[in-house]
$ cat model36.txt   # compact mmCIF, C-alpha atoms
# COMPACT_ATOMS: atom_id res chain seq x y z
CA MET A 1 -8.80 3.09 -2.73
CA SER A 2 -5.95 1.38 -0.93
CA GLU A 3 -6.27 0.04 2.59
CA LYS A 4 -3.62 2.52 3.70
CA TYR A 5 -5.63 5.47 2.40
CA GLN A 6 -8.84 4.03 3.85
CA SER A 7 -7.17 3.93 7.28
CA PHE A 8 -5.95 7.50 6.78
CA TYR A 9 -9.50 8.58 5.92
CA GLU A 10 -11.00 6.83 8.95
CA GLU A 11 -8.43 8.39 11.27
CA TYR A 12 -8.86 11.98 10.05
CA LYS A 13 -12.43 12.34 8.81
CA ASN A 14 -13.90 13.34 12.20
CA LYS A 15 -10.96 15.59 13.04
CA LEU A 16 -11.24 17.41 9.72
CA PHE A 17 -15.01 17.68 10.01
CA SER A 18 -14.73 19.17 13.52
CA TYR A 19 -12.20 21.70 12.27
CA LEU A 20 -14.42 22.71 9.35
CA ILE A 21 -17.50 22.98 11.59
CA TYR A 22 -15.58 25.34 13.85
CA LYS A 23 -14.35 27.44 10.93
CA SER A 24 -17.68 27.64 9.08
CA GLY A 25 -20.39 26.95 11.63
CA ASN A 26 -22.28 25.13 8.88
CA PRO A 27 -22.47 21.32 9.10
CA ASP A 28 -23.71 20.78 5.53
CA MET A 29 -21.03 22.96 3.99
CA SER A 30 -18.41 21.37 6.26
CA LYS A 31 -19.40 17.91 5.09
CA ASP A 32 -19.15 18.96 1.43
CA ILE A 33 -15.77 20.61 1.89
CA MET A 34 -14.49 17.64 3.90
CA GLN A 35 -15.36 15.26 1.07
CA GLU A 36 -13.92 17.61 -1.52
CA SER A 37 -10.70 17.89 0.50
CA PHE A 38 -10.27 14.14 0.78
CA THR A 39 -11.01 13.78 -2.93
CA ARG A 40 -8.37 16.37 -3.88
CA HIS A 41 -5.88 14.87 -1.43
CA PHE A 42 -6.42 11.36 -2.77
CA GLN A 43 -6.35 12.49 -6.40
CA TYR A 44 -3.03 14.31 -6.10
CA TYR A 45 -1.26 12.74 -3.11
CA GLY A 46 -3.13 9.58 -2.10
CA HIS A 47 -0.75 7.24 -3.83
CA ASP A 48 2.35 8.56 -2.09
CA ALA A 49 4.05 6.37 0.47
CA VAL A 50 3.58 8.98 3.21
CA LEU A 51 0.11 10.45 3.74
CA SER A 52 0.29 13.93 5.19
CA PRO A 53 -2.46 15.15 7.55
CA ALA A 54 -0.90 18.62 7.39
CA LEU A 55 -1.45 18.69 3.64
CA LEU A 56 -5.03 17.49 4.06
CA PHE A 57 -5.84 20.31 6.52
CA THR A 58 -4.19 22.85 4.23
CA ILE A 59 -6.31 21.64 1.31
CA ALA A 60 -9.44 21.90 3.46
CA ARG A 61 -8.61 25.39 4.71
CA ASN A 62 -8.00 26.56 1.14
CA ALA A 63 -11.23 24.94 -0.09
CA LEU A 64 -13.15 26.76 2.63
CA VAL A 65 -11.61 30.09 1.65
CA ASP A 66 -12.44 29.36 -2.01
CA HIS A 67 -16.04 28.65 -1.02
CA TRP A 68 -16.30 31.94 0.89
CA ARG A 69 -14.80 33.83 -2.04
CA GLN A 70 -17.39 32.32 -4.38
CA GLN A 71 -20.09 33.39 -1.94
CA LYS A 72 -18.38 36.80 -1.64
CA LYS A 73 -18.86 36.69 2.10
CA LEU A 74 -16.58 35.81 4.96
CA PRO A 75 -18.48 34.71 8.08
CA THR A 76 -18.51 36.92 11.14
CA ALA A 77 -18.38 35.68 14.72
CA GLU A 78 -22.13 36.26 15.00
CA ASP A 79 -22.81 34.23 11.84
CA MET A 80 -20.77 31.32 13.13
CA ALA A 81 -22.38 31.36 16.56
CA SER A 82 -25.89 31.54 15.11
CA GLN A 83 -25.26 28.74 12.61
CA VAL A 84 -24.12 26.21 15.20
CA VAL A 85 -26.61 23.39 15.04
CA ALA A 86 -27.22 21.56 18.30
CA ASP A 87 -28.57 18.06 18.63
CA GLN A 88 -32.14 17.87 19.85
CA GLU A 89 -30.93 16.29 23.08
CA GLU A 90 -28.69 19.24 23.97
CA SER A 91 -30.15 21.61 26.50
CA PHE A 92 -30.43 25.37 26.21
CA ILE A 93 -27.59 25.77 28.71
CA THR A 94 -25.23 23.69 26.59
CA GLN A 95 -26.05 25.77 23.51
CA GLU A 96 -25.55 28.99 25.42
CA THR A 97 -22.16 27.79 26.66
CA THR A 98 -21.13 26.76 23.16
CA ASP A 99 -22.07 30.18 21.80
CA ARG A 100 -20.07 31.85 24.58
CA VAL A 101 -17.00 29.75 23.81
CA TYR A 102 -17.24 30.51 20.06
CA LYS A 103 -17.60 34.23 20.68
CA THR A 104 -14.75 34.23 23.18
CA MET A 105 -12.50 32.19 20.89
CA ASN A 106 -13.10 34.70 18.12
CA ARG A 107 -11.33 37.28 20.28
CA LEU A 108 -8.11 35.24 20.02
CA PRO A 109 -5.78 35.91 17.07
CA GLU A 110 -6.83 33.87 14.01
CA LEU A 111 -3.73 31.66 13.93
CA ASP A 112 -4.11 30.83 17.62
CA ARG A 113 -7.81 29.99 17.08
CA GLU A 114 -6.98 27.61 14.26
CA ILE A 115 -4.16 25.93 16.15
CA LEU A 116 -6.29 25.55 19.29
CA THR A 117 -9.21 24.16 17.27
CA LEU A 118 -7.00 21.52 15.66
CA ALA A 119 -5.38 20.60 18.98
CA VAL A 120 -8.74 20.24 20.71
CA GLY A 121 -9.95 18.22 17.72
CA GLY A 122 -7.23 15.65 18.37
CA VAL A 123 -4.74 16.56 15.67
CA ALA A 124 -1.17 15.88 16.78
CA TYR A 125 0.99 18.92 17.54
CA LYS A 126 3.56 17.69 15.03
CA GLU A 127 0.92 17.72 12.29
CA ILE A 128 -0.30 21.17 13.32
CA ALA A 129 3.27 22.46 13.16
CA ALA A 130 3.67 21.07 9.65
CA THR A 131 0.34 22.57 8.56
CA PHE A 132 1.31 26.10 9.60
CA GLY A 133 5.07 25.90 9.05
CA LEU A 134 5.84 26.34 12.75
CA THR A 135 8.13 24.49 15.12
CA LEU A 136 6.68 21.86 17.42
CA GLU A 137 7.71 23.94 20.44
CA ASN A 138 5.97 27.01 19.05
CA VAL A 139 2.73 25.06 18.60
CA LYS A 140 2.90 23.74 22.16
CA VAL A 141 3.43 27.26 23.53
CA ARG A 142 0.62 28.71 21.40
CA VAL A 143 -1.83 26.00 22.51
CA HIS A 144 -0.92 26.47 26.16
CA ARG A 145 -1.16 30.26 26.01
CA SER A 146 -4.39 30.19 24.00
CA ARG A 147 -6.03 27.85 26.49
CA ALA A 148 -4.92 30.01 29.39
CA LYS A 149 -6.08 33.20 27.66
CA LEU A 150 -9.43 31.60 26.76
CA ARG A 151 -9.97 30.48 30.39
CA GLN A 152 -9.14 33.97 31.64
CA MET A 153 -11.47 35.67 29.15
CA MET A 154 -14.31 33.28 30.05
CA LYS A 155 -13.68 33.88 33.76
CA ASN A 156 -13.71 37.67 33.26
CA GLU A 157 -17.06 37.45 31.44
CA VAL A 158 -18.65 35.66 34.41
CA GLU A 159 -17.38 38.18 36.96
$ encode --input "model36.txt" --output "structure tokens"
Amino acid sequence: MSEKYQSFYEEYKNKLFSYLIYKSGNPDMSKDIMQESFTRHFQYYGHDAVLSPALLFTIARNALVDHWRQQKKLPTAEDMASQVVADQEESFITQETTDRVYKTMNRLPELDREILTLAVGGVAYKEIAATFGLTLENVKVRVHRSRAKLRQMMKNEVE
């Protein structure tokens, strides 16, 4: 593996893993799909001069869908919330808050959820736009509106 690809891997491995954890709620499966995604990306595109994070995330999203199809089950919001694995050090309150955020996020449109998850995970807006075939401005607006809508929904739940 070239130094350039190694740097690419180091920069995006945690971002991709976070995205897959959000989408699946299963850390073990996310780790497997992350590795499979990097393997496919390297095998077919790793030797190109320009390494595309957008392509990597597209490969990962497709691999996750393939996995679900093989299992013949798409996860529900309840499945994802119940599968979230907390560190032993996390308190009950933190877990409860995490579950609330997941359930509330699942009320957002799917595309907005995915874009927001990538943005919160540290993926650049430009890369998110390339992943979904949107303009940079559209991604910025979607992230802003999704965050505002999420805050409002969480606030309404408390009241």
$ closest_residue --input "model36.txt" --among "A:Gln152, A:Thr117, A:Ser52, A:Ser30" --to "A:Tyr102" --atoms "only C-alpha atoms"
A:Thr117
$ atom_distance --input "model36.txt" --atom1 "atom CA of A:Val65" --atom2 "atom CA of A:Ser24"
9.9 Å
$ residues_around --input "model36.txt" --residues "A:Tyr45" --least-positions-apart "6" --cutoff "12 Å" --atoms "all atoms listed in the file" --output "PyMOL selection string"
chain A and resi 5+37-39+51-53+55-56+59
$ closest_residue --input "model36.txt" --among "A:His41, A:Lys4, A:Arg69, A:Lys15" --to "A:Gly122" --atoms "all atoms listed in the file"
A:Lys15
$ atom_distance --input "model36.txt" --atom1 "atom CA of A:Tyr12" --atom2 "atom CA of A:Val101"
23.9 Å
$ atom_distance --input "model36.txt" --atom1 "atom CA of A:Ala60" --atom2 "atom CA of A:Ser146"
22.7 Å
$ closest_residue --input "model36.txt" --among "A:Ser7, A:Asn156, A:Ile21, A:Thr135" --to "A:Glu114" --atoms "only C-alpha atoms"
A:Ile21
$ residues_around --input "model36.txt" --residues "A:Val139" --least-positions-apart "3" --cutoff "12 Å" --atoms "all atoms listed in the file" --output "PyMOL selection string"
chain A and resi 111-116+118-119+123-136+142-146
